>>> print(open('data-v1.cif').read())   # mmCIF, C-alpha atoms (C1' of nucleotides)
data_work
#
loop_
_atom_site.label_atom_id
_atom_site.label_comp_id
_atom_site.auth_asym_id
_atom_site.auth_seq_id
_atom_site.Cartn_x
_atom_site.Cartn_y
_atom_site.Cartn_z
CA MET A 1 0.00 0.00 0.00
CA ASN A 2 1.74 3.16 -1.08
CA THR A 3 1.72 6.61 0.49
CA TYR A 4 -0.12 8.43 -2.29
CA THR A 5 -2.85 5.81 -2.28
CA ASP A 6 -3.34 6.35 1.44
CA LEU A 7 -3.24 10.09 1.08
CA LEU A 8 -5.93 10.01 -1.59
CA ARG A 9 -8.19 7.77 0.45
CA LEU A 10 -7.78 10.01 3.47
CA HIS A 11 -9.45 12.67 1.36
CA ASN A 12 -12.21 10.35 0.18
CA LEU A 13 -10.76 9.97 -3.29
CA LYS A 14 -10.52 6.61 -5.00
CA ALA A 15 -6.92 5.80 -5.74
CA THR A 16 -6.84 5.40 -9.51
CA PRO A 17 -3.46 5.19 -11.21
CA GLN A 18 -4.11 8.59 -12.80
CA ARG A 19 -4.75 10.19 -9.43
CA VAL A 20 -1.74 8.57 -7.85
CA GLU A 21 0.37 9.98 -10.66
CA ILE A 22 -1.07 13.50 -10.27
CA THR A 23 -0.32 13.29 -6.55
CA TYR A 24 3.18 12.06 -7.21
CA ALA A 25 3.84 14.84 -9.70
CA LEU A 26 2.57 17.56 -7.37
CA ASP A 27 4.48 16.12 -4.43
CA THR A 28 7.67 15.92 -6.47
CA TYR A 29 7.52 19.18 -8.39
CA GLY A 30 5.56 21.28 -5.92
CA HIS A 31 3.66 23.56 -8.29
CA LEU A 32 2.27 22.52 -11.66
CA SER A 33 -0.12 23.99 -14.20
CA ILE A 34 -2.83 21.97 -15.96
CA GLU A 35 -0.61 21.88 -19.02
CA ASN A 36 2.38 20.66 -16.99
CA LEU A 37 0.30 17.87 -15.49
CA TYR A 38 -1.07 16.84 -18.85
CA GLU A 39 2.40 16.57 -20.35
CA MET A 40 3.72 14.60 -17.40
CA LEU A 41 0.81 12.20 -17.19
CA ARG A 42 0.98 11.53 -20.92
CA ASN A 43 4.35 9.91 -20.39
CA LYS A 44 2.76 7.31 -18.18
CA PHE A 45 -0.74 7.09 -19.70
CA SER A 46 -0.39 7.76 -23.40
CA SER A 47 -4.13 7.94 -23.96
CA ILE A 48 -5.01 10.09 -20.98
CA SER A 49 -7.51 12.85 -21.68
CA LEU A 50 -7.34 16.48 -20.65
CA ALA A 51 -10.86 15.98 -19.34
CA THR A 52 -9.48 13.50 -16.82
CA ILE A 53 -6.95 16.05 -15.60
CA TYR A 54 -9.64 18.70 -15.21
CA LYS A 55 -12.13 16.38 -13.52
CA ASN A 56 -9.51 15.25 -11.04
CA ILE A 57 -8.16 18.70 -10.32
CA ASN A 58 -11.68 19.89 -9.61
CA ILE A 59 -12.65 17.04 -7.35
CA MET A 60 -9.32 17.29 -5.54
CA ILE A 61 -9.92 20.97 -4.90
CA GLU A 62 -13.44 20.23 -3.62
CA ASN A 63 -12.00 17.69 -1.22
CA ALA A 64 -9.32 20.12 -0.06
CA PHE A 65 -6.65 17.75 -1.25
CA ILE A 66 -4.99 20.36 -3.47
CA GLN A 67 -5.19 24.12 -3.89
CA GLU A 68 -5.04 26.57 -6.76
CA VAL A 69 -2.37 29.26 -6.61
CA LYS A 70 -3.24 32.35 -8.67
CA ILE A 71 -0.18 34.14 -9.94
CA PRO A 72 -0.01 37.70 -11.29
CA HIS A 73 0.49 37.77 -15.07
CA ALA A 74 0.65 34.00 -15.36
CA LYS A 75 -1.55 30.95 -15.39
CA SER A 76 -2.56 29.21 -12.19
CA VAL A 77 -0.58 26.36 -10.68
CA TYR A 78 -1.75 23.68 -8.25
CA GLU A 79 -0.16 22.31 -5.10
CA LEU A 80 -0.92 19.70 -2.44
CA THR A 81 -2.65 21.27 0.54
CA LYS A 82 -0.12 21.91 3.30
CA ALA A 83 0.22 24.27 6.23
CA THR A 84 -0.60 27.87 5.30
CA HIS A 85 2.23 29.58 3.50
CA SER A 86 3.07 32.28 0.97
CA HIS A 87 4.66 32.10 -2.48
CA LEU A 88 7.55 33.53 -4.43
CA VAL A 89 7.47 33.63 -8.22
CA CYS A 90 10.53 34.18 -10.38
CA GLU A 91 9.70 36.62 -13.17
CA GLU A 92 12.51 35.15 -15.23
CA CYS A 93 12.19 31.36 -15.04
CA LYS A 94 8.62 31.35 -13.69
CA LYS A 95 9.58 29.00 -10.85
CA VAL A 96 7.27 29.08 -7.81
CA GLU A 97 8.59 28.53 -4.30
CA ASP A 98 6.92 28.29 -0.92
CA ILE A 99 7.85 30.47 2.01
CA THR A 100 6.45 30.43 5.51
CA LEU A 101 6.00 33.88 6.99
CA ASP A 102 4.13 35.07 10.02
CA LEU A 103 1.33 37.30 8.75
CA GLN A 104 -0.42 37.52 12.09
CA ASN A 105 0.53 41.11 12.92
CA LEU A 106 -0.26 42.27 9.42
CA SER A 107 -3.67 40.62 9.51
CA VAL A 108 -4.48 42.24 12.82
CA THR A 109 -3.47 45.63 11.48
CA ALA A 110 -5.52 45.12 8.34
CA SER A 111 -8.50 44.06 10.40
CA GLN A 112 -8.27 47.13 12.60
CA TYR A 113 -8.13 49.52 9.68
CA SER A 114 -10.81 47.87 7.59
CA HIS A 115 -13.11 46.34 10.19
CA PHE A 116 -13.07 43.14 8.16
CA GLN A 117 -13.04 39.87 10.03
CA ILE A 118 -10.05 38.34 8.26
CA ASN A 119 -10.04 34.62 7.56
CA SER A 120 -7.04 34.19 5.32
CA ALA A 121 -4.21 36.05 3.66
CA ASN A 122 -2.92 35.27 0.22
CA LEU A 123 0.55 36.63 -0.48
CA VAL A 124 2.63 36.24 -3.64
CA PHE A 125 5.99 37.92 -4.07
CA SER A 126 7.35 38.49 -7.56
CA GLY A 127 11.04 38.85 -8.22
CA ILE A 128 14.16 37.14 -9.48
CA CYS A 129 15.37 33.88 -7.98
CA GLN A 130 18.94 33.27 -6.95
CA GLU A 131 19.86 31.28 -10.07
CA CYS A 132 18.41 33.86 -12.45
CA GLN A 133 20.29 36.69 -10.74
CA LYS A 134 23.58 35.29 -12.00
CA MET B 1 -11.51 69.44 -21.10
CA ASN B 2 -12.43 66.86 -18.49
CA THR B 3 -10.19 65.00 -16.05
CA TYR B 4 -10.67 61.52 -17.51
CA THR B 5 -9.83 62.75 -20.96
CA ASP B 6 -6.58 64.20 -19.64
CA LEU B 7 -5.81 61.08 -17.66
CA LEU B 8 -6.26 58.89 -20.73
CA ARG B 9 -4.05 61.09 -22.88
CA LEU B 10 -1.36 61.09 -20.24
CA HIS B 11 -1.18 57.35 -20.82
CA ASN B 12 -1.13 57.70 -24.61
CA LEU B 13 -4.69 56.58 -25.03
CA LYS B 14 -7.11 58.38 -27.30
CA ALA B 15 -10.03 59.69 -25.32
CA THR B 16 -13.02 58.02 -26.90
CA PRO B 17 -16.37 58.28 -25.10
CA GLN B 18 -16.19 54.54 -24.36
CA ARG B 19 -12.79 54.89 -22.72
CA VAL B 20 -13.86 57.92 -20.72
CA GLU B 21 -16.80 55.91 -19.44
CA ILE B 22 -14.63 52.93 -18.47
CA THR B 23 -12.35 55.32 -16.62
CA TYR B 24 -15.27 56.99 -14.90
CA ALA B 25 -16.72 53.64 -13.84
CA LEU B 26 -13.43 52.38 -12.43
CA ASP B 27 -12.76 55.65 -10.66
CA THR B 28 -16.23 55.67 -9.17
CA TYR B 29 -16.64 52.02 -8.22
CA GLY B 30 -13.02 51.08 -7.62
CA HIS B 31 -13.00 47.45 -8.73
CA LEU B 32 -15.02 46.04 -11.59
CA SER B 33 -15.09 42.81 -13.56
CA ILE B 34 -15.39 42.65 -17.34
CA GLU B 35 -19.04 41.73 -16.89
CA ASN B 36 -19.64 44.67 -14.53
CA LEU B 37 -18.10 47.06 -17.03
CA TYR B 38 -20.13 45.67 -19.91
CA GLU B 39 -23.38 46.10 -18.01
CA MET B 40 -22.50 49.63 -16.96
CA LEU B 41 -21.34 50.77 -20.37
CA ARG B 42 -24.44 49.37 -22.00
CA ASN B 43 -26.50 51.91 -20.13
CA LYS B 44 -24.66 54.67 -21.91
CA PHE B 45 -23.81 53.00 -25.23
CA SER B 46 -26.59 50.58 -26.00
CA SER B 47 -24.76 49.02 -28.94
CA ILE B 48 -21.37 48.67 -27.29
CA SER B 49 -19.61 45.39 -27.97
CA LEU B 50 -17.88 43.12 -25.48
CA ALA B 51 -14.96 43.17 -27.92
CA THR B 52 -14.60 46.89 -27.26
CA ILE B 53 -14.43 46.28 -23.53
CA TYR B 54 -11.78 43.60 -23.95
CA LYS B 55 -9.72 45.60 -26.43
CA ASN B 56 -9.73 48.61 -24.15
CA ILE B 57 -8.97 46.68 -20.99
CA ASN B 58 -6.02 45.07 -22.73
CA ILE B 59 -4.58 48.24 -24.15
CA MET B 60 -5.11 50.02 -20.83
CA ILE B 61 -3.20 47.29 -19.03
CA GLU B 62 -0.37 47.51 -21.59
CA ASN B 63 -0.17 51.24 -20.99
CA ALA B 64 -0.15 50.75 -17.21
CA PHE B 65 -3.33 52.77 -16.95
CA ILE B 66 -5.21 50.02 -15.13
CA GLN B 67 -4.30 46.76 -13.39
CA GLU B 68 -5.82 43.33 -13.02
CA VAL B 69 -6.50 42.09 -9.50
CA LYS B 70 -6.61 38.31 -9.24
CA ILE B 71 -8.85 37.11 -6.44
CA PRO B 72 -8.92 33.63 -4.89
CA HIS B 73 -12.03 31.66 -5.92
CA ALA B 74 -13.45 34.53 -7.97
CA LYS B 75 -13.06 36.26 -11.28
CA SER B 76 -10.59 39.06 -11.78
CA VAL B 77 -11.47 42.70 -11.28
CA TYR B 78 -9.75 45.78 -12.69
CA GLU B 79 -8.71 49.04 -11.05
CA LEU B 80 -7.04 52.29 -12.04
CA THR B 81 -3.30 52.17 -11.36
CA LYS B 82 -2.58 53.92 -8.08
CA ALA B 83 0.14 53.77 -5.44
CA THR B 84 0.98 50.20 -4.42
CA HIS B 85 -1.55 48.72 -2.04
CA SER B 86 -3.15 45.48 -0.90
CA HIS B 87 -6.73 44.22 -1.10
CA LEU B 88 -9.48 42.88 1.09
CA VAL B 89 -12.25 40.71 -0.36
CA CYS B 90 -15.52 40.01 1.41
CA GLU B 91 -16.40 36.33 1.07
CA GLU B 92 -20.05 37.20 1.59
CA CYS B 93 -20.84 40.17 -0.66
CA LYS B 94 -17.69 39.86 -2.82
CA LYS B 95 -16.83 43.53 -2.32
CA VAL B 96 -13.17 44.45 -2.84
CA GLU B 97 -11.49 47.19 -0.83
CA ASP B 98 -8.03 48.72 -0.92
CA ILE B 99 -5.75 48.87 2.06
CA THR B 100 -2.32 50.41 2.34
CA LEU B 101 0.06 48.39 4.44
CA ASP B 102 3.80 48.55 4.84
CA LEU B 103 5.18 45.28 3.51
CA GLN B 104 8.78 46.41 3.58
CA ASN B 105 9.88 44.34 6.57
CA LEU B 106 8.10 41.29 5.29
CA SER B 107 9.69 41.63 1.88
CA VAL B 108 13.14 41.93 3.40
CA THR B 109 12.53 38.84 5.50
CA ALA B 110 11.26 36.92 2.50
CA SER B 111 14.26 38.00 0.47
CA GLN B 112 16.69 36.87 3.16
CA TYR B 113 15.11 33.42 3.47
CA SER B 114 14.66 32.80 -0.24
CA HIS B 115 17.53 34.75 -1.81
CA PHE B 116 15.04 36.16 -4.28
CA GLN B 117 15.45 39.74 -5.35
CA ILE B 118 11.91 40.85 -4.61
CA ASN B 119 10.26 43.38 -6.90
CA SER B 120 6.67 43.38 -5.74
CA ALA B 121 4.29 41.84 -3.24
CA ASN B 122 0.72 40.96 -4.02
CA LEU B 123 -1.46 40.53 -0.95
CA VAL B 124 -5.17 39.73 -0.81
CA PHE B 125 -7.00 39.18 2.46
CA SER B 126 -10.25 37.24 2.46
CA GLY B 127 -12.83 37.69 5.16
CA ILE B 128 -16.14 39.27 6.08
CA CYS B 129 -16.70 43.00 5.77
CA GLN B 130 -18.25 45.10 8.50
CA GLU B 131 -21.71 45.23 6.92
CA CYS B 132 -21.86 41.48 6.35
CA GLN B 133 -20.86 40.75 9.94
CA LYS B 134 -24.18 42.13 11.17
"C1'" DC C 1 -6.92 63.89 -43.76
"C1'" DT C 2 -4.89 60.01 -41.46
"C1'" DC C 3 -4.77 56.74 -38.24
"C1'" DT C 4 -7.01 54.57 -34.50
"C1'" DG C 5 -11.14 52.73 -32.34
"C1'" DT C 6 -15.77 50.65 -32.64
"C1'" DG C 7 -19.17 47.07 -33.46
"C1'" DC C 8 -20.27 42.90 -35.56
"C1'" DA C 9 -19.54 38.20 -36.75
"C1'" DA C 10 -16.54 34.47 -36.79
"C1'" DA C 11 -12.77 32.08 -34.91
"C1'" DG C 12 -9.97 30.44 -31.06
"C1'" DC C 13 -8.92 28.34 -26.83
"C1'" DG C 14 -9.33 26.54 -22.33
"C1'" DT C 15 -12.74 24.06 -19.64
"C1'" DT C 16 -16.89 21.30 -18.88
"C1'" DT C 17 -20.37 17.85 -19.95
"C1'" DG C 18 -22.66 13.41 -21.58
"C1'" DC C 19 -22.01 8.90 -22.47
"C1'" DA C 20 -20.38 4.03 -22.97
"C1'" DA C 21 -16.81 1.15 -21.49
"C1'" DA C 22 -13.37 0.07 -17.87
"C1'" DC C 23 -12.11 -0.15 -13.25
"C1'" DG C 24 -11.66 0.24 -7.95
"C1'" DA C 25 -13.24 -1.42 -3.68
"C1'" DT D 1 -21.31 -6.48 -8.10
"C1'" DC D 2 -22.13 -1.45 -7.75
"C1'" DG D 3 -20.87 2.99 -8.02
"C1'" DT D 4 -17.13 5.75 -9.68
"C1'" DT D 5 -13.72 7.07 -13.10
"C1'" DT D 6 -11.83 7.19 -17.67
"C1'" DG D 7 -11.44 8.69 -22.52
"C1'" DC D 8 -13.66 10.51 -26.34
"C1'" DA D 9 -16.39 13.84 -28.69
"C1'" DA D 10 -19.33 17.52 -28.47
"C1'" DA D 11 -20.74 21.60 -26.19
"C1'" DC D 12 -19.74 25.77 -23.69
"C1'" DG D 13 -18.23 30.26 -22.33
"C1'" DC D 14 -14.91 33.65 -22.30
"C1'" DT D 15 -11.61 36.13 -25.10
"C1'" DT D 16 -9.50 37.44 -29.43
"C1'" DT D 17 -9.37 38.48 -34.33
"C1'" DG D 18 -10.61 40.44 -39.05
"C1'" DC D 19 -12.99 43.65 -41.33
"C1'" DA D 20 -15.73 47.79 -42.82
"C1'" DC D 21 -17.31 51.99 -41.09
"C1'" DA D 22 -17.05 55.84 -37.76
"C1'" DG D 23 -14.61 59.02 -35.10
"C1'" DA D 24 -10.45 61.40 -32.67
"C1'" DG D 25 -6.77 64.46 -33.32
#
>>> encode(input="data-v1.cif", output="structure tokens")
Amino acid sequence: MNTYTDLLRLHNLKATPQRVEITYALDTYGHLSIENLYEMLRNKFSSISLATIYKNINIMIENAFIQEVKIPHAKSVYELTKATHSHLVCEECKKVEDITLDLQNLSVTASQYSHFQINSANLVFSGICQECQK
Amino acid sequence: MNTYTDLLRLHNLKATPQRVEITYALDTYGHLSIENLYEMLRNKFSSISLATIYKNINIMIENAFIQEVKIPHAKSVYELTKATHSHLVCEECKKVEDITLDLQNLSVTASQYSHFQINSANLVFSGICQECQK
DNA sequence: CTCTGTGCAAAGCGTTTGCAAACGA
DNA sequence: TCGTTTGCAAACGCTTTGCACAGAG
């Protein structure tokens, strides 16, 4: 019984080979677009359909198994649901990285100014990664 | 000579009545979706085409006159380009508000951890606005 | 007067849906 | 076995494009 199979079942998702592969790809590469996933899965399942990717992404989002990350000036990527964190996007190579920052104080300040009851904060930094700075 | 006409020309955009109206709507309502804009402009120009809205939004973005705001779990809205700021979205009534916060310290921290050269930070809070809390 | 913008219709593209066959539990 | 998932094809909805006419400068 493999880890991805268990992980899928924990989220009430049947462990089909296609789903295990999507999970593996997201776990390994961190952040992938629909197109990325389609290309990767085609290597393993030559006749896989884009519809299968979409159906699975949608049901995985519904079951809180994965999350969509909206990126300024670029298409969305998807990631396995983990502890709350922020993102960094390289404007050069388009790589997306996670970063854990404490946004508590900021949220409190925002709440005080706006009188919103704040439930979540979505933060994406854009810049140039270390490799692309060279 | 009206203000919106001047503002458009400052950004190298010809001041057509349609563009003046888009500018007026964004200035007045702050954040509008394509659909919002289409509905509003139809009141003034009954035969306006969606293509005109799209063409103008795109050229206005290219000329840095307006900006797209990507919102988690919702469609994008557009706003006039102003000083850098963050956003609050009400999960109930979907209203979008601006908030100016100092993200300098956070950006420096993120840069130190990630070794990214950070150029901008995009922050969207989700929550419940004051009116919807009642 | 010249060049750009508008409105319309058609095309394009990413995403969703319906269905029969295959598959997981 | 039963209900769910897959792959295919068609449908859908949002966005873009091409073109002729209208309008801004």
>>> interface_residues(input="data-v1.cif", of="chain D", to="chain B", cutoff="9 Å", atoms="all atoms listed in the file", output="PyMOL selection string")
chain D and resi 15-16+23-25
>>> calpha_fit_and_write(input="data-v1.cif", fixed="chain A", moving="chain B", output="PDB file with C-alpha atoms, in the coordinates of the input")
ATOM      1  CA  MET B   1       0.001   0.009   0.060  1.00  0.00           C
ATOM      2  CA  ASN B   2       1.736   3.186  -1.042  1.00  0.00           C
ATOM      3  CA  THR B   3       1.682   6.634   0.551  1.00  0.00           C
ATOM      4  CA  TYR B   4      -0.157   8.432  -2.252  1.00  0.00           C
ATOM      5  CA  THR B   5      -2.873   5.835  -2.262  1.00  0.00           C
ATOM      6  CA  ASP B   6      -3.384   6.370   1.461  1.00  0.00           C
ATOM      7  CA  LEU B   7      -3.284  10.126   1.093  1.00  0.00           C
ATOM      8  CA  LEU B   8      -5.963  10.043  -1.597  1.00  0.00           C
ATOM      9  CA  ARG B   9      -8.232   7.794   0.439  1.00  0.00           C
ATOM     10  CA  LEU B  10      -7.852  10.023   3.455  1.00  0.00           C
ATOM     11  CA  HIS B  11      -9.501  12.698   1.339  1.00  0.00           C
ATOM     12  CA  ASN B  12     -12.264  10.375   0.130  1.00  0.00           C
ATOM     13  CA  LEU B  13     -10.798   9.979  -3.304  1.00  0.00           C
ATOM     14  CA  LYS B  14     -10.527   6.617  -5.000  1.00  0.00           C
ATOM     15  CA  ALA B  15      -6.924   5.807  -5.726  1.00  0.00           C
ATOM     16  CA  THR B  16      -6.828   5.379  -9.472  1.00  0.00           C
ATOM     17  CA  PRO B  17      -3.416   5.169 -11.159  1.00  0.00           C
ATOM     18  CA  GLN B  18      -4.077   8.563 -12.775  1.00  0.00           C
ATOM     19  CA  ARG B  19      -4.763  10.181  -9.416  1.00  0.00           C
ATOM     20  CA  VAL B  20      -1.734   8.574  -7.814  1.00  0.00           C
ATOM     21  CA  GLU B  21       0.373   9.985 -10.624  1.00  0.00           C
ATOM     22  CA  ILE B  22      -1.072  13.493 -10.249  1.00  0.00           C
ATOM     23  CA  THR B  23      -0.332  13.293  -6.541  1.00  0.00           C
ATOM     24  CA  TYR B  24       3.183  12.058  -7.170  1.00  0.00           C
ATOM     25  CA  ALA B  25       3.844  14.840  -9.675  1.00  0.00           C
ATOM     26  CA  LEU B  26       2.574  17.566  -7.360  1.00  0.00           C
ATOM     27  CA  ASP B  27       4.470  16.157  -4.411  1.00  0.00           C
ATOM     28  CA  THR B  28       7.650  15.932  -6.435  1.00  0.00           C
ATOM     29  CA  TYR B  29       7.522  19.196  -8.365  1.00  0.00           C
ATOM     30  CA  GLY B  30       5.545  21.326  -5.936  1.00  0.00           C
ATOM     31  CA  HIS B  31       3.627  23.579  -8.313  1.00  0.00           C
ATOM     32  CA  LEU B  32       2.267  22.536 -11.676  1.00  0.00           C
ATOM     33  CA  SER B  33      -0.123  23.980 -14.230  1.00  0.00           C
ATOM     34  CA  ILE B  34      -2.822  21.960 -15.974  1.00  0.00           C
ATOM     35  CA  GLU B  35      -0.592  21.854 -19.038  1.00  0.00           C
ATOM     36  CA  ASN B  36       2.402  20.652 -16.996  1.00  0.00           C
ATOM     37  CA  LEU B  37       0.325  17.867 -15.491  1.00  0.00           C
ATOM     38  CA  TYR B  38      -1.038  16.794 -18.859  1.00  0.00           C
ATOM     39  CA  GLU B  39       2.440  16.534 -20.340  1.00  0.00           C
ATOM     40  CA  MET B  40       3.750  14.592 -17.366  1.00  0.00           C
ATOM     41  CA  LEU B  41       0.847  12.181 -17.170  1.00  0.00           C
ATOM     42  CA  ARG B  42       1.052  11.482 -20.870  1.00  0.00           C
ATOM     43  CA  ASN B  43       4.426   9.898 -20.326  1.00  0.00           C
ATOM     44  CA  LYS B  44       2.820   7.302 -18.122  1.00  0.00           C
ATOM     45  CA  PHE B  45      -0.663   7.057 -19.651  1.00  0.00           C
ATOM     46  CA  SER B  46      -0.307   7.722 -23.340  1.00  0.00           C
ATOM     47  CA  SER B  47      -4.056   7.885 -23.930  1.00  0.00           C
ATOM     48  CA  ILE B  48      -4.936  10.056 -20.955  1.00  0.00           C
ATOM     49  CA  SER B  49      -7.461  12.780 -21.675  1.00  0.00           C
ATOM     50  CA  LEU B  50      -7.297  16.428 -20.669  1.00  0.00           C
ATOM     51  CA  ALA B  51     -10.841  15.919 -19.378  1.00  0.00           C
ATOM     52  CA  THR B  52      -9.458  13.462 -16.838  1.00  0.00           C
ATOM     53  CA  ILE B  53      -6.948  16.022 -15.628  1.00  0.00           C
ATOM     54  CA  TYR B  54      -9.629  18.678 -15.258  1.00  0.00           C
ATOM     55  CA  LYS B  55     -12.115  16.363 -13.568  1.00  0.00           C
ATOM     56  CA  ASN B  56      -9.510  15.236 -11.076  1.00  0.00           C
ATOM     57  CA  ILE B  57      -8.168  18.696 -10.358  1.00  0.00           C
ATOM     58  CA  ASN B  58     -11.698  19.882  -9.681  1.00  0.00           C
ATOM     59  CA  ILE B  59     -12.676  17.042  -7.418  1.00  0.00           C
ATOM     60  CA  MET B  60      -9.349  17.295  -5.591  1.00  0.00           C
ATOM     61  CA  ILE B  61      -9.944  20.981  -4.960  1.00  0.00           C
ATOM     62  CA  GLU B  62     -13.474  20.248  -3.690  1.00  0.00           C
ATOM     63  CA  ASN B  63     -12.038  17.703  -1.287  1.00  0.00           C
ATOM     64  CA  ALA B  64      -9.366  20.151  -0.106  1.00  0.00           C
ATOM     65  CA  PHE B  65      -6.686  17.770  -1.293  1.00  0.00           C
ATOM     66  CA  ILE B  66      -5.024  20.368  -3.506  1.00  0.00           C
ATOM     67  CA  GLN B  67      -5.228  24.144  -3.935  1.00  0.00           C
ATOM     68  CA  GLU B  68      -5.065  26.593  -6.797  1.00  0.00           C
ATOM     69  CA  VAL B  69      -2.395  29.283  -6.646  1.00  0.00           C
ATOM     70  CA  LYS B  70      -3.255  32.362  -8.683  1.00  0.00           C
ATOM     71  CA  ILE B  71      -0.186  34.170  -9.952  1.00  0.00           C
ATOM     72  CA  PRO B  72      -0.016  37.726 -11.307  1.00  0.00           C
ATOM     73  CA  HIS B  73       0.475  37.799 -15.098  1.00  0.00           C
ATOM     74  CA  ALA B  74       0.633  34.010 -15.380  1.00  0.00           C
ATOM     75  CA  LYS B  75      -1.562  30.964 -15.402  1.00  0.00           C
ATOM     76  CA  SER B  76      -2.572  29.219 -12.220  1.00  0.00           C
ATOM     77  CA  VAL B  77      -0.597  26.373 -10.713  1.00  0.00           C
ATOM     78  CA  TYR B  78      -1.760  23.692  -8.286  1.00  0.00           C
ATOM     79  CA  GLU B  79      -0.184  22.329  -5.114  1.00  0.00           C
ATOM     80  CA  LEU B  80      -0.953  19.728  -2.473  1.00  0.00           C
ATOM     81  CA  THR B  81      -2.698  21.293   0.522  1.00  0.00           C
ATOM     82  CA  LYS B  82      -0.152  21.916   3.255  1.00  0.00           C
ATOM     83  CA  ALA B  83       0.165  24.271   6.212  1.00  0.00           C
ATOM     84  CA  THR B  84      -0.628  27.878   5.288  1.00  0.00           C
ATOM     85  CA  HIS B  85       2.216  29.591   3.491  1.00  0.00           C
ATOM     86  CA  SER B  86       3.058  32.287   0.964  1.00  0.00           C
ATOM     87  CA  HIS B  87       4.660  32.114  -2.478  1.00  0.00           C
ATOM     88  CA  LEU B  88       7.533  33.550  -4.437  1.00  0.00           C
ATOM     89  CA  VAL B  89       7.448  33.651  -8.240  1.00  0.00           C
ATOM     90  CA  CYS B  90      10.506  34.202 -10.400  1.00  0.00           C
ATOM     91  CA  GLU B  91       9.683  36.649 -13.187  1.00  0.00           C
ATOM     92  CA  GLU B  92      12.496  35.175 -15.252  1.00  0.00           C
ATOM     93  CA  CYS B  93      12.161  31.384 -15.083  1.00  0.00           C
ATOM     94  CA  LYS B  94       8.583  31.379 -13.710  1.00  0.00           C
ATOM     95  CA  LYS B  95       9.535  29.021 -10.883  1.00  0.00           C
ATOM     96  CA  VAL B  96       7.247  29.092  -7.838  1.00  0.00           C
ATOM     97  CA  GLU B  97       8.566  28.528  -4.329  1.00  0.00           C
ATOM     98  CA  ASP B  98       6.899  28.295  -0.940  1.00  0.00           C
ATOM     99  CA  ILE B  99       7.821  30.470   1.979  1.00  0.00           C
ATOM    100  CA  THR B 100       6.452  30.421   5.492  1.00  0.00           C
ATOM    101  CA  LEU B 101       6.013  33.851   6.973  1.00  0.00           C
ATOM    102  CA  ASP B 102       4.140  35.044  10.014  1.00  0.00           C
ATOM    103  CA  LEU B 103       1.357  37.295   8.768  1.00  0.00           C
ATOM    104  CA  GLN B 104      -0.392  37.504  12.106  1.00  0.00           C
ATOM    105  CA  ASN B 105       0.580  41.082  12.939  1.00  0.00           C
ATOM    106  CA  LEU B 106      -0.226  42.257   9.463  1.00  0.00           C
ATOM    107  CA  SER B 107      -3.620  40.602   9.547  1.00  0.00           C
ATOM    108  CA  VAL B 108      -4.441  42.208  12.871  1.00  0.00           C
ATOM    109  CA  THR B 109      -3.423  45.600  11.531  1.00  0.00           C
ATOM    110  CA  ALA B 110      -5.484  45.101   8.400  1.00  0.00           C
ATOM    111  CA  SER B 111      -8.463  44.031  10.465  1.00  0.00           C
ATOM    112  CA  GLN B 112      -8.226  47.097  12.692  1.00  0.00           C
ATOM    113  CA  TYR B 113      -8.079  49.512   9.751  1.00  0.00           C
ATOM    114  CA  SER B 114     -10.773  47.847   7.672  1.00  0.00           C
ATOM    115  CA  HIS B 115     -13.073  46.305  10.286  1.00  0.00           C
ATOM    116  CA  PHE B 116     -13.026  43.120   8.250  1.00  0.00           C
ATOM    117  CA  GLN B 117     -13.009  39.846  10.097  1.00  0.00           C
ATOM    118  CA  ILE B 118     -10.026  38.335   8.327  1.00  0.00           C
ATOM    119  CA  ASN B 119     -10.011  34.616   7.598  1.00  0.00           C
ATOM    120  CA  SER B 120      -7.013  34.191   5.347  1.00  0.00           C
ATOM    121  CA  ALA B 121      -4.186  36.061   3.675  1.00  0.00           C
ATOM    122  CA  ASN B 122      -2.912  35.278   0.227  1.00  0.00           C
ATOM    123  CA  LEU B 123       0.551  36.645  -0.477  1.00  0.00           C
ATOM    124  CA  VAL B 124       2.620  36.258  -3.638  1.00  0.00           C
ATOM    125  CA  PHE B 125       5.990  37.932  -4.069  1.00  0.00           C
ATOM    126  CA  SER B 126       7.344  38.500  -7.558  1.00  0.00           C
ATOM    127  CA  GLY B 127      11.029  38.857  -8.223  1.00  0.00           C
ATOM    128  CA  ILE B 128      14.150  37.143  -9.497  1.00  0.00           C
ATOM    129  CA  CYS B 129      15.355  33.879  -8.008  1.00  0.00           C
ATOM    130  CA  GLN B 130      18.940  33.259  -6.994  1.00  0.00           C
ATOM    131  CA  GLU B 131      19.849  31.279 -10.115  1.00  0.00           C
ATOM    132  CA  CYS B 132      18.400  33.871 -12.480  1.00  0.00           C
ATOM    133  CA  GLN B 133      20.278  36.693 -10.767  1.00  0.00           C
ATOM    134  CA  LYS B 134      23.577  35.301 -12.039  1.00  0.00           C
TER     135      LYS B 134
END
>>> interface_residues(input="data-v1.cif", of="chain B", to="chain A", cutoff="8 Å", atoms="all atoms listed in the file", output="ChimeraX atom specification")
/B:70-72,88,90,99,101,106-107,110,113-130,133
>>> resolve_selection(input="data-v1.cif", expression="the PyMOL selection byres ((chain B) within 7 of (chain C))", output="ChimeraX atom specification")
/B:48-49,52
>>> write_last_selection(input="data-v1.cif", atoms="C-alpha atoms", output="tab-separated table (two decimals), keeping the file's coordinate frame")
chain	number	residue	atom	x	y	z
B	48	ILE	CA	-21.37	48.67	-27.29
B	49	SER	CA	-19.61	45.39	-27.97
B	52	THR	CA	-14.60	46.89	-27.26
>>> atom_distance(input="data-v1.cif", atom1="atom CA of Thr28 of chain A", atom2="atom CA of Glu62 of chain A")
21.7 Å
>>> resolve_selection(input="data-v1.cif", expression="the PyMOL selection byres ((chain A and resi 22) around 12)", output="NGL selection string")
:A and (4-5 or 8 or 15-21 or 23-34 or 36-42 or 44-45 or 48 or 52-57 or 60 or 65-66 or 78-80)
